[in-house]
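Structure file target_38.csv (CSV, C-alpha atoms and all ligand atoms) follows.
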```csv
chain,number,residue,atom,x,y,z
W,1402,MET,CA,-4.5,-19.3,32.0
W,1403,ILE,CA,-6.9,-16.4,31.5
W,1404,ASN,CA,-10.3,-17.2,30.1
W,1405,HIS,CA,-10.6,-14.7,27.3
W,1406,SER,CA,-14.2,-15.2,26.6
W,1407,LEU,CA,-15.0,-14.3,30.2
W,1408,LEU,CA,-13.1,-11.0,29.7
W,1409,GLU,CA,-15.1,-10.2,26.5
W,1410,ILE,CA,-18.3,-10.6,28.5
W,1411,GLU,CA,-17.0,-8.7,31.6
W,1412,PHE,CA,-15.5,-5.7,29.6
W,1413,PRO,CA,-18.0,-4.8,27.0
W,1414,GLN,CA,-16.3,-1.5,26.3
W,1415,HIS,CA,-17.1,0.5,23.2
W,1416,GLU,CA,-15.3,-0.9,20.2
W,1417,ASN,CA,-13.4,2.3,19.4
W,1418,LEU,CA,-12.6,3.2,23.0
W,1419,ILE,CA,-9.0,2.4,24.1
W,1420,TYR,CA,-9.0,2.6,27.9
W,1421,LEU,CA,-5.5,3.2,29.1
W,1422,ASN,CA,-6.3,5.0,32.3
W,1423,HIS,CA,-6.6,2.4,35.1
W,1424,ALA,CA,-4.2,4.4,37.2
W,1425,ALA,CA,-6.9,7.1,37.3
W,1426,VAL,CA,-10.5,5.7,37.4
W,1427,SER,CA,-11.2,2.2,35.9
W,1428,PRO,CA,-14.3,1.0,34.1
W,1429,TRP,CA,-16.3,-1.5,36.0
W,1430,PRO,CA,-16.7,-5.1,35.0
W,1431,LEU,CA,-20.2,-6.1,33.8
W,1432,ARG,CA,-20.9,-8.0,37.1
W,1433,SER,CA,-20.3,-4.9,39.2
W,1434,SER,CA,-22.6,-2.8,37.1
W,1435,LEU,CA,-25.2,-5.6,37.4
W,1436,ALA,CA,-24.7,-5.7,41.2
W,1437,VAL,CA,-25.4,-2.0,41.3
W,1438,ARG,CA,-28.5,-2.2,39.1
W,1439,LEU,CA,-29.9,-5.1,41.3
W,1440,PHE,CA,-29.2,-3.2,44.5
W,1441,ALA,CA,-30.9,-0.1,43.1
W,1442,GLU,CA,-33.9,-2.1,42.1
W,1443,GLU,CA,-34.1,-3.7,45.5
W,1444,ASN,CA,-33.9,-0.3,47.2
W,1445,SER,CA,-36.7,1.1,45.1
W,1446,LEU,CA,-39.0,-2.0,45.6
W,1447,ILE,CA,-38.4,-3.0,49.2
W,1448,GLY,CA,-36.0,-0.4,50.7
W,1449,ALA,CA,-33.8,-1.8,53.4
W,1450,LYS,CA,-36.1,-4.7,54.3
W,1451,ASN,CA,-33.2,-7.2,53.8
W,1452,TYR,CA,-30.7,-5.1,55.7
W,1453,ARG,CA,-29.3,-8.3,57.3
W,1454,GLN,CA,-28.3,-9.5,53.9
W,1455,TRP,CA,-26.5,-6.3,53.2
W,1456,ILE,CA,-24.5,-6.7,56.4
W,1457,GLU,CA,-23.6,-10.2,55.3
W,1458,LYS,CA,-22.4,-8.7,52.0
W,1459,GLU,CA,-20.3,-6.3,54.0
W,1460,GLY,CA,-18.8,-9.2,56.0
W,1461,LEU,CA,-18.0,-10.9,52.7
W,1462,LEU,CA,-16.3,-7.8,51.4
W,1463,ARG,CA,-14.2,-7.5,54.5
W,1464,GLU,CA,-13.1,-11.1,54.0
W,1465,GLN,CA,-12.4,-10.6,50.3
W,1466,LEU,CA,-10.2,-7.6,51.2
W,1467,ARG,CA,-8.4,-9.5,53.9
W,1468,THR,CA,-7.6,-12.3,51.5
W,1469,LEU,CA,-6.4,-9.8,48.8
W,1470,ILE,CA,-3.7,-8.4,51.1
W,1471,ASN,CA,-3.1,-11.5,53.3
W,1472,ALA,CA,-4.0,-9.7,56.6
W,1473,PRO,CA,-4.1,-12.0,59.6
W,1474,SER,CA,-7.7,-11.2,60.5
W,1475,VAL,CA,-10.8,-9.4,59.2
W,1476,ASP,CA,-10.5,-7.4,62.5
W,1477,ASP,CA,-7.5,-5.7,60.9
W,1478,ILE,CA,-9.6,-4.3,58.0
W,1479,ALA,CA,-11.6,-1.1,58.1
W,1480,ILE,CA,-13.7,0.0,55.1
W,1481,LEU,CA,-13.3,3.8,54.7
W,1482,LYS,CA,-14.3,6.4,52.2
W,1483,ASN,CA,-11.0,6.7,50.3
W,1484,THR,CA,-7.2,6.6,50.5
W,1485,SER,CA,-6.9,10.2,51.7
W,1486,GLU,CA,-9.2,9.5,54.7
W,1487,ALA,CA,-7.2,6.4,55.7
W,1488,LEU,CA,-3.9,8.3,55.5
W,1489,SER,CA,-5.4,11.1,57.6
W,1490,VAL,CA,-6.5,8.6,60.2
W,1491,VAL,CA,-2.9,7.5,60.5
W,1492,ALA,CA,-1.3,10.9,60.3
W,1493,CYS,CA,-3.7,12.5,62.8
W,1494,GLY,CA,-3.7,9.5,65.0
W,1495,ILE,CA,0.0,9.4,65.9
W,1496,ASP,CA,1.1,10.9,69.2
W,1497,TRP,CA,3.7,13.3,67.8
W,1498,LYS,CA,6.6,14.9,69.6
W,1499,PRO,CA,8.2,18.1,68.3
W,1500,GLY,CA,11.2,17.2,66.2
W,1501,ASP,CA,9.7,14.0,64.8
W,1502,ASN,CA,9.9,13.4,61.1
W,1503,VAL,CA,8.3,11.4,58.3
W,1504,VAL,CA,10.2,10.1,55.4
W,1505,SER,CA,8.5,10.0,52.0
W,1506,THR,CA,9.3,10.5,48.3
W,1507,ASP,CA,9.1,13.7,46.4
W,1508,GLU,CA,6.7,12.2,43.8
W,1509,GLU,CA,3.7,11.4,46.1
W,1510,PHE,CA,0.1,12.2,45.2
W,1511,PRO,CA,-1.2,15.0,47.4
W,1512,SER,CA,-3.2,12.4,49.5
W,1513,ASN,CA,0.1,11.1,50.8
W,1514,ARG,CA,1.6,14.5,51.4
W,1515,PHE,CA,-1.0,16.9,52.8
W,1516,PRO,CA,-1.9,14.7,55.9
W,1517,TRP,CA,1.8,14.7,56.9
W,1518,GLU,CA,2.4,18.4,56.1
W,1519,ALA,CA,-0.7,19.1,58.3
W,1520,GLN,CA,1.3,17.8,61.2
W,1521,GLN,CA,3.8,20.7,60.9
W,1522,GLN,CA,1.8,22.5,63.6
W,1523,TYR,CA,3.0,19.8,66.0
W,1524,GLY,CA,6.7,20.3,65.0
W,1525,VAL,CA,6.7,17.4,62.6
W,1526,ALA,CA,8.9,17.6,59.4
W,1527,LEU,CA,8.2,15.8,56.2
W,1528,LYS,CA,11.3,14.7,54.3
W,1529,GLN,CA,10.6,14.3,50.6
W,1530,ILE,CA,13.3,12.2,49.0
W,1531,SER,CA,14.0,11.8,45.3
W,1532,VAL,CA,13.6,8.3,44.1
W,1533,GLN,CA,14.7,8.9,40.5
W,1534,THR,CA,18.0,7.1,41.2
W,1535,ASN,CA,19.3,3.6,40.6
W,1536,ALA,CA,18.7,2.7,44.2
W,1537,PRO,CA,15.5,4.4,45.4
W,1538,GLU,CA,15.1,2.2,48.5
W,1539,GLU,CA,18.6,3.0,49.7
W,1540,ALA,CA,17.8,6.7,49.2
W,1541,LEU,CA,14.7,6.4,51.5
W,1542,ILE,CA,16.6,4.3,54.1
W,1543,GLU,CA,19.5,6.8,54.2
W,1544,ALA,CA,17.1,9.6,54.8
W,1545,CYS,CA,15.8,8.0,58.1
W,1546,ASP,CA,17.3,9.1,61.4
W,1547,LYS,CA,16.7,8.7,65.1
W,1548,ARG,CA,13.6,11.0,64.9
W,1549,THR,CA,11.9,9.3,62.0
W,1550,ARG,CA,8.6,8.0,63.3
W,1551,VAL,CA,7.0,7.0,59.9
W,1552,MET,CA,8.0,6.0,56.4
W,1553,SER,CA,5.0,6.7,54.2
W,1554,ILE,CA,5.4,5.9,50.5
W,1555,SER,CA,3.3,4.8,47.6
W,1556,SER,CA,4.0,1.3,46.5
W,1557,VAL,CA,3.9,2.5,42.9
W,1558,GLN,CA,4.4,6.2,42.1
W,1559,TYR,CA,1.3,7.6,40.3
W,1560,GLY,CA,3.3,9.7,37.8
W,1561,SER,CA,6.5,7.8,37.0
W,1562,GLY,CA,5.1,4.3,37.7
W,1563,LEU,CA,8.1,3.4,39.8
W,1564,ARG,CA,7.4,0.3,41.9
W,1565,LEU,CA,9.3,0.2,45.2
W,1566,ASN,CA,10.7,-2.9,46.9
W,1567,LEU,CA,8.3,-3.0,49.8
W,1568,GLU,CA,9.8,-6.0,51.5
W,1569,LYS,CA,13.2,-4.3,51.8
W,1570,LEU,CA,11.7,-1.0,53.1
W,1571,GLY,CA,9.4,-2.8,55.5
W,1572,ARG,CA,12.2,-4.9,56.9
W,1573,PHE,CA,14.3,-1.8,57.6
W,1574,CYS,CA,11.4,0.0,59.2
W,1575,ARG,CA,10.5,-2.9,61.5
W,1576,ASP,CA,14.1,-3.4,62.5
W,1577,ASN,CA,14.4,0.3,63.4
W,1578,GLY,CA,11.1,1.0,65.1
W,1579,ILE,CA,9.8,3.1,62.3
W,1580,LEU,CA,6.1,2.8,61.3
W,1581,PHE,CA,5.7,1.7,57.7
W,1582,CYS,CA,2.7,3.2,55.9
W,1583,ILE,CA,1.9,2.3,52.3
W,1584,ASP,CA,-0.4,4.1,49.9
W,1585,ALA,CA,-1.2,1.0,47.9
W,1586,ILE,CA,-3.8,2.4,45.5
W,1587,GLN,CA,-1.6,1.9,42.5
W,1588,SER,CA,-0.8,-1.7,43.4
W,1589,ILE,CA,-3.7,-3.6,45.0
W,1590,GLY,CA,-5.7,-5.3,42.2
W,1591,ALA,CA,-2.7,-5.2,39.9
W,1592,HIS,CA,0.0,-6.9,42.0
W,1593,LYS,CA,0.0,-9.5,44.7
W,1594,PHE,CA,0.1,-7.7,48.0
W,1595,ASP,CA,1.0,-9.3,51.3
W,1596,VAL,CA,1.0,-7.0,54.3
W,1597,GLN,CA,2.7,-9.7,56.5
W,1598,ALA,CA,5.5,-10.4,54.0
W,1599,ILE,CA,6.3,-6.7,53.6
W,1600,HIS,CA,6.0,-5.9,57.3
W,1601,ALA,CA,3.3,-3.2,56.7
W,1602,ASP,CA,2.0,-1.3,59.7
W,1603,PHE,CA,-0.7,0.6,57.6
W,1604,ALA,CA,-1.8,0.1,54.1
W,1605,MET,CA,-4.7,1.8,52.2
W,1606,ALA,CA,-6.3,1.8,48.8
W,1607,ASP,CA,-9.5,3.1,47.2
W,1608,ALA,CA,-11.3,0.7,44.9
W,1609,HIS,CA,-11.6,2.8,41.8
W,1610,LYS,CA,-8.2,2.0,40.2
W,1611,TRP,CA,-6.8,-1.5,39.8
W,1612,MET,CA,-9.5,-3.2,42.0
W,1613,LEU,CA,-12.0,-2.1,39.3
W,1614,GLY,CA,-14.5,-0.9,41.8
W,1615,PRO,CA,-16.4,2.4,42.4
W,1616,GLU,CA,-14.9,5.6,43.9
W,1617,GLY,CA,-15.6,6.3,47.5
W,1618,ILE,CA,-14.9,3.0,49.1
W,1619,ALA,CA,-11.5,2.1,50.4
W,1620,LEU,CA,-9.5,-0.6,52.2
W,1621,PHE,CA,-7.6,0.4,55.3
W,1622,TYR,CA,-5.3,-2.1,57.0
W,1623,CYS,CA,-3.9,-1.4,60.5
W,1624,ARG,CA,-1.6,-3.9,62.2
W,1625,ALA,CA,-3.5,-5.2,65.2
W,1626,GLU,CA,-0.7,-4.2,67.7
W,1627,LEU,CA,-0.9,-0.6,66.6
W,1628,ARG,CA,-4.7,-0.2,66.7
W,1629,ASP,CA,-4.8,1.2,70.2
W,1630,GLN,CA,-1.9,3.6,69.4
W,1631,LEU,CA,-3.9,5.6,66.9
W,1632,LYS,CA,-5.9,8.4,68.5
W,1633,LEU,CA,-9.4,8.6,67.1
W,1634,HIS,CA,-10.9,11.8,65.7
W,1635,GLN,CA,-14.2,10.6,64.4
W,1636,PHE,CA,-17.0,9.1,66.5
W,1637,GLY,CA,-20.4,7.6,65.8
W,1638,TRP,CA,-22.8,4.8,66.4
W,1639,HIS,CA,-20.9,2.3,64.2
W,1640,MET,CA,-17.4,2.4,65.8
W,1641,VAL,CA,-18.4,0.9,69.1
W,1642,GLU,CA,-18.5,-2.6,70.6
W,1643,HIS,CA,-22.3,-2.8,70.8
W,1644,ALA,CA,-23.1,-1.0,67.5
W,1645,GLY,CA,-26.9,-1.2,67.0
W,1646,ASP,CA,-27.8,-1.2,70.7
W,1647,TYR,CA,-28.9,2.4,70.5
W,1648,ASP,CA,-30.5,2.6,74.0
W,1649,ARG,CA,-27.2,1.8,75.7
W,1650,LYS,CA,-25.8,4.8,77.4
W,1651,ALA,CA,-22.3,3.5,78.0
W,1652,TRP,CA,-20.1,2.8,75.0
W,1653,GLU,CA,-16.7,1.4,74.3
W,1654,ILE,CA,-14.6,1.8,71.2
W,1655,ALA,CA,-14.7,-1.4,69.0
W,1656,ASN,CA,-11.8,-3.7,69.5
W,1657,SER,CA,-11.5,-4.3,65.8
W,1658,ALA,CA,-10.6,-1.9,63.0
W,1659,LYS,CA,-14.3,-1.1,62.8
W,1660,ARG,CA,-13.3,1.6,65.3
W,1661,PHE,CA,-12.2,3.7,62.3
W,1662,GLU,CA,-15.7,3.5,60.7
W,1663,CYS,CA,-17.8,6.0,62.5
W,1664,GLY,CA,-21.2,5.8,60.8
W,1665,SER,CA,-23.3,4.0,58.2
W,1666,PRO,CA,-21.4,1.9,55.7
W,1667,ASN,CA,-21.4,2.6,51.9
W,1668,MET,CA,-23.7,-0.3,51.0
W,1669,LEU,CA,-23.9,0.6,47.4
W,1670,GLY,CA,-20.1,0.6,47.0
W,1671,THR,CA,-20.0,-2.6,49.1
W,1672,HIS,CA,-22.1,-4.4,46.6
W,1673,ALA,CA,-20.2,-3.1,43.6
W,1674,LEU,CA,-16.7,-3.7,45.0
W,1675,SER,CA,-17.5,-7.2,46.3
W,1676,ALA,CA,-18.6,-8.1,42.7
W,1677,SER,CA,-15.4,-6.5,41.2
W,1678,LEU,CA,-13.2,-8.5,43.6
W,1679,SER,CA,-15.0,-11.7,42.8
W,1680,LEU,CA,-13.7,-11.3,39.2
W,1681,LEU,CA,-10.1,-10.7,40.4
W,1682,GLU,CA,-10.4,-13.8,42.5
W,1683,GLU,CA,-11.7,-15.9,39.6
W,1684,VAL,CA,-8.8,-14.7,37.3
W,1685,GLY,CA,-6.2,-15.0,40.1
W,1686,MET,CA,-3.7,-12.4,41.2
W,1687,ASP,CA,-0.8,-14.4,39.8
W,1688,ASN,CA,-2.3,-14.2,36.4
W,1689,ILE,CA,-3.2,-10.6,36.8
W,1690,GLU,CA,0.2,-9.5,38.0
W,1691,LYS,CA,1.9,-11.3,35.1
W,1692,GLU,CA,-0.4,-9.8,32.5
W,1693,VAL,CA,0.0,-6.3,34.0
W,1694,VAL,CA,3.8,-6.4,33.9
W,1695,ASP,CA,4.0,-8.1,30.5
W,1696,LYS,CA,1.6,-5.5,29.0
W,1697,SER,CA,3.8,-2.7,30.4
W,1698,LEU,CA,6.9,-4.3,29.0
W,1699,SER,CA,5.5,-4.8,25.6
W,1700,LEU,CA,4.2,-1.2,25.6
W,1701,ILE,CA,7.7,0.0,26.5
W,1702,ASN,CA,9.3,-2.0,23.7
W,1703,LYS,CA,6.9,-0.6,21.2
W,1704,LEU,CA,7.3,3.0,22.5
W,1705,LYS,CA,11.0,2.7,22.1
W,1706,LEU,CA,10.5,2.3,18.3
W,1707,ILE,CA,8.7,5.6,18.0
W,1708,GLU,CA,11.0,8.5,17.2
W,1709,ASN,CA,11.0,11.6,19.4
W,1710,LEU,CA,9.8,9.9,22.5
W,1711,GLU,CA,11.6,9.5,25.8
W,1712,LEU,CA,10.5,7.1,28.5
W,1713,LEU,CA,10.0,8.5,32.0
W,1714,THR,CA,9.2,5.1,33.6
W,1715,ASN,CA,12.0,2.9,35.1
W,1716,THR,CA,12.0,0.0,32.7
W,1717,THR,CA,13.7,-2.6,35.0
W,1718,PRO,CA,11.1,-5.4,35.2
W,1719,GLU,CA,11.0,-5.5,39.0
W,1720,LYS,CA,10.5,-1.8,39.2
W,1721,LEU,CA,7.6,-1.9,36.7
W,1722,ALA,CA,3.9,-1.8,37.4
W,1723,GLY,CA,0.9,-1.0,35.3
W,1724,ILE,CA,2.0,2.6,34.6
W,1725,VAL,CA,4.1,3.6,31.6
W,1726,THR,CA,4.8,7.3,31.2
W,1727,PHE,CA,6.7,9.0,28.3
W,1728,LYS,CA,7.3,12.4,26.9
W,1729,LEU,CA,8.1,14.2,23.7
W,1730,LYS,CA,11.9,14.6,23.6
W,1731,HIS,CA,11.7,18.4,23.1
W,1732,GLY,CA,8.2,19.0,24.3
W,1733,ASP,CA,7.1,21.4,27.0
W,1734,HIS,CA,3.9,21.4,29.1
W,1735,GLY,CA,1.8,22.9,26.4
W,1736,ASP,CA,3.0,20.4,23.8
W,1737,HIS,CA,2.0,17.5,26.2
W,1738,ALA,CA,-1.3,19.1,27.0
W,1739,ASP,CA,-1.9,19.3,23.3
W,1740,LEU,CA,-0.9,15.7,22.6
W,1741,HIS,CA,-3.1,14.5,25.5
W,1742,ARG,CA,-6.1,16.4,24.0
W,1743,LYS,CA,-5.4,14.8,20.6
W,1744,LEU,CA,-5.3,11.3,22.1
W,1745,MET,CA,-8.4,11.8,24.1
W,1746,ASN,CA,-10.3,13.2,21.1
W,1747,ARG,CA,-9.3,10.0,19.2
W,1748,GLN,CA,-10.7,7.8,22.1
W,1749,VAL,CA,-7.3,6.9,23.7
W,1750,ILE,CA,-8.2,7.5,27.3
W,1751,CYS,CA,-5.0,8.3,29.1
W,1752,ALA,CA,-3.6,11.0,31.5
W,1753,HIS,CA,-1.2,14.0,31.4
W,1754,ARG,CA,1.1,13.3,34.3
W,1755,PHE,CA,4.7,13.7,35.5
W,1756,GLY,CA,5.5,16.1,32.6
W,1757,GLY,CA,4.4,13.5,30.0
W,1758,ILE,CA,1.7,11.1,28.9
W,1759,ARG,CA,0.7,8.2,31.2
W,1760,PHE,CA,-0.7,5.0,29.7
W,1761,SER,CA,-2.0,2.4,32.2
W,1762,SER,CA,-3.5,-0.8,30.7
W,1763,HIS,CA,-4.9,-3.6,33.0
W,1764,PHE,CA,-4.7,-7.3,32.7
W,1765,TYR,CA,-7.7,-7.6,30.4
W,1766,THR,CA,-6.7,-4.9,27.9
W,1767,PRO,CA,-6.4,-6.5,24.4
W,1768,GLU,CA,-3.0,-6.2,22.8
W,1769,SER,CA,-4.8,-5.1,19.6
W,1770,LYS,CA,-6.1,-2.0,21.4
W,1771,ILE,CA,-2.6,-1.1,22.7
W,1772,ASN,CA,-1.3,-1.4,19.1
W,1773,LYS,CA,-4.1,0.9,17.9
W,1774,ALA,CA,-3.3,3.4,20.6
W,1775,LEU,CA,0.4,3.4,19.5
W,1776,GLU,CA,-0.7,3.9,15.8
W,1777,ILE,CA,-2.8,6.9,16.9
W,1778,LEU,CA,0.1,8.2,19.1
W,1779,SER,CA,2.5,8.0,16.2
W,1780,SER,CA,0.2,9.9,13.9
W,1781,SER,CA,-0.4,12.6,16.6
W,1782,ILE,CA,3.2,13.7,17.2
I,1801,LIG,C1,-0.9,7.3,44.7
I,1801,LIG,C2,-2.3,7.8,44.9
I,1801,LIG,N1,-2.8,8.0,46.1
I,1801,LIG,C3,-4.0,8.5,46.4
I,1801,LIG,C4,-4.9,8.8,45.3
I,1801,LIG,C5,-6.3,9.3,45.6
I,1801,LIG,O1,-6.8,8.7,46.6
I,1801,LIG,P1,-8.3,8.9,47.1
I,1801,LIG,O2,-9.1,9.6,46.1
I,1801,LIG,O3,-8.8,7.5,47.3
I,1801,LIG,O4,-8.2,9.6,48.4
I,1801,LIG,C6,-4.4,8.7,44.0
I,1801,LIG,C7,-5.3,9.0,42.9
I,1801,LIG,O5,-4.9,9.3,41.8
I,1801,LIG,C8,-3.1,8.2,43.8
I,1801,LIG,O6,-2.6,8.0,42.6
```

Now, as a test, write the supplied structure out as structure tokens.
Amino acid sequence: MINHSLLEIEFPQHENLIYLNHAAVSPWPLRSSLAVRLFAEENSLIGAKNYRQWIEKEGLLREQLRTLINAPSVDDIAILKNTSEALSVVACGIDWKPGDNVVSTDEEFPSNRFPWEAQQQYGVALKQISVQTNAPEEALIEACDKRTRVMSISSVQYGSGLRLNLEKLGRFCRDNGILFCIDAIQSIGAHKFDVQAIHADFAMADAHKWMLGPEGIALFYCRAELRDQLKLHQFGWHMVEHAGDYDRKAWEIANSAKRFECGSPNMLGTHALSASLSLLEEVGMDNIEKEVVDKSLSLINKLKLIENLELLTNTTPEKLAGIVTFKLKHGDHGDHADLHRKLMNRQVICAHRFGGIRFSSHFYTPESKINKALEILSSSI
């Protein structure tokens, strides 16, 4: 059961604002904005006098992230700048051979395409497979061959909102010696996510979407057995075994995933994200996932009643996430840009993606706001 009075306190959004853009950048809960205000005040009054406590907060965050994805150990978690950085760490860290290939979808956000395309210089091909079929997982599996080194996919596609069966893909990859890499930014914080159950080798997600945190701080999971196989390209004081022992001339790369964090941590982001995750913990990921999918289903049913609209999102419940995208039946790019502008002007915060309009509510979004957005949509087309 969700405590609705808690949600009213944590999400004091303007009465007229209808925020349906969690797949882009989410509003912070009240507790995260308070954590940032307190941290700012502490910095201006006493600077980093209590740095030890900040390090403790960083340790707490690492444990919160570990729990959120059920990683075996905090040593498997690196805290990086963003999803793109983590994907680049993987793509640039693999020891490629000419003729290798990477299997992905043809709907990926550029963050999960550019790092792989950048490996073309080493003779690596990126296979971009259409997943707009009844059996998207099979399409990805069939595209793999003896030279496939990595399958790198988004758990949920940012445009269409398609949620892939990660367990099935991960099992196939593990059985066939293919590395399984998941851009999980559109899942973590909205859905339960278990790196062990889905046989993930790498998973990454920035905080600013479903985790309700700030931009510029991201989770990177690397399976322990693979840590040594990724060649490092960034070096600094923080990624060594004896970090902080600045007089030491010799240095060894940290055994843990801290090896991917070259310099000073993002302490401001750490305080904010730790607070945001404490809310997700309090509400519980079971409750959150149920609310996210139920809200998307209810939105889909109501959109179906509006004439001249066509859904672009796969409406099968197990393929559904927090993203619902639709288009005007006979609309072109300009018509959708126009509709998006009208919605934004009337305080319906949403996105123009995948050739249509993307709505993404979160677990706390009141049904009354979704109904209001649909009223505004109906009167705008
Ligand atoms: C699927 C996906 N991956 C990555 C990103 C961006 O990641 P970051 O800014 O953390 O690098 C986005 C942002 O919209 C996204 O939707």

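Neighbouring residues of ligand LIG 1801 (chain I) at a cut-off of 7 Å, counting all atoms listed in the file, are Ala1424, Ala1425, Asn1483, Thr1484, Ser1485, Glu1486, Glu1509, Phe1510, Ser1512, Asn1513, Ser1555, Gln1558, Tyr1559, Asp1584, Ile1586, Gln1587, Ala1606, Asp1607, Gly1617 and Ala1619 of chain W.
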
Just to be explicit: take each residue in the selection above, keep C-alpha atoms, and write the result as a CSV table (one decimal), keeping the file's coordinate frame.
```csv
chain,number,residue,atom,x,y,z
W,1424,ALA,CA,-4.2,4.4,37.2
W,1425,ALA,CA,-6.9,7.1,37.3
W,1483,ASN,CA,-11.0,6.7,50.3
W,1484,THR,CA,-7.2,6.6,50.5
W,1485,SER,CA,-6.9,10.2,51.7
W,1486,GLU,CA,-9.2,9.5,54.7
W,1509,GLU,CA,3.7,11.4,46.1
W,1510,PHE,CA,0.1,12.2,45.2
W,1512,SER,CA,-3.2,12.4,49.5
W,1513,ASN,CA,0.1,11.1,50.8
W,1555,SER,CA,3.3,4.8,47.6
W,1558,GLN,CA,4.4,6.2,42.1
W,1559,TYR,CA,1.3,7.6,40.3
W,1584,ASP,CA,-0.4,4.1,49.9
W,1586,ILE,CA,-3.8,2.4,45.5
W,1587,GLN,CA,-1.6,1.9,42.5
W,1606,ALA,CA,-6.3,1.8,48.8
W,1607,ASP,CA,-9.5,3.1,47.2
W,1617,GLY,CA,-15.6,6.3,47.5
W,1619,ALA,CA,-11.5,2.1,50.4
```

Excluding same-chain residues fewer than 2 positions from W:Thr1726, what lies within 7 Å of it counting only C-alpha atoms, as a VMD selection string?
chain W and resid 1561 1712 to 1714 1724 1757 to 1760

Two-atom distance - atom CA of W:Thr1671, atom CA of W:Leu1481 (Å)
10.8 Å

May I have the residues at most 9 Å from (-12.5, -1.8, 68.6) in the file's coordinates, counting all atoms listed in the file, as a PyMOL selection string?
chain W and resi 1476+1628-1629+1640-1642+1653-1661

Kindly export the residues of the current selection with C-alpha atoms, as a short mmCIF file (atom, residue, chain, number, x, y, z; two decimals), keeping the file's coordinate frame.
```cif
data_model
loop_
_atom_site.label_atom_id
_atom_site.label_comp_id
_atom_site.auth_asym_id
_atom_site.auth_seq_id
_atom_site.Cartn_x
_atom_site.Cartn_y
_atom_site.Cartn_z
CA ASP W 1476 -10.50 -7.40 62.50
CA ARG W 1628 -4.70 -0.20 66.70
CA ASP W 1629 -4.80 1.20 70.20
CA MET W 1640 -17.40 2.40 65.80
CA VAL W 1641 -18.40 0.90 69.10
CA GLU W 1642 -18.50 -2.60 70.60
CA GLU W 1653 -16.70 1.40 74.30
CA ILE W 1654 -14.60 1.80 71.20
CA ALA W 1655 -14.70 -1.40 69.00
CA ASN W 1656 -11.80 -3.70 69.50
CA SER W 1657 -11.50 -4.30 65.80
CA ALA W 1658 -10.60 -1.90 63.00
CA LYS W 1659 -14.30 -1.10 62.80
CA ARG W 1660 -13.30 1.60 65.30
CA PHE W 1661 -12.20 3.70 62.30
#
```

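Among the candidates W:Lys1547, W:Lys1593, W:Arg1747, W:His1600, the residue lying nearest to W:Phe1573 is W:His1600 (atoms considered: all atoms listed in the file).
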
Pick the closest to W:Leu1469 from W:Phe1594, W:Trp1517, W:Tyr1523, W:Trp1497: which is it, counting all atoms listed in the file?
W:Phe1594

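Between atom CA of W:Asn1417 and atom CA of W:Gln1748 the separation is 6.7 Å.
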
Across W:Leu1775, W:His1763, W:Tyr1452, W:Ile1689, the smallest distance to W:Glu1708, with only C-alpha atoms counted, is shown by W:Leu1775

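From atom CA of W:Lys1770 back to atom CA of W:Met1402, the distance works out to 20.4 Å.
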
Please provide as a list in words all residues within 6 Å of stretch 1635-1639 of chain W, with the sequence filter that same-chain residues fewer than 2 positions apart are discarded (counting all atoms listed in the file).
Leu1633, Val1641, Ala1644, Cys1663 and Gly1664 of chain W

Polymer residues at most 10 Å from (0.5, 14.1, 57.4) by all atoms listed in the file, as a list in words
Leu1488, Ser1489, Val1490, Val1491, Ala1492, Cys1493, Gly1494, Ile1495, Val1503, Ser1512, Asn1513, Arg1514, Phe1515, Pro1516, Trp1517, Glu1518, Ala1519, Gln1520, Gln1521, Val1525, Ala1526, Leu1527, Val1551 and Ser1553 of chain W

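With only C-alpha atoms as the atoms that count, the minimum distance from W:Leu1674 to the choices W:Asp1496, W:Glu1457, W:Glu1616, W:Asp1646 is reached by W:Glu1616.
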
The residue from W:Ala1585, W:Leu1567, W:Ile1782, W:Ala1487 with the smallest atom-to-atom distance to W:Ile1599, counting all atoms listed in the file, is W:Leu1567
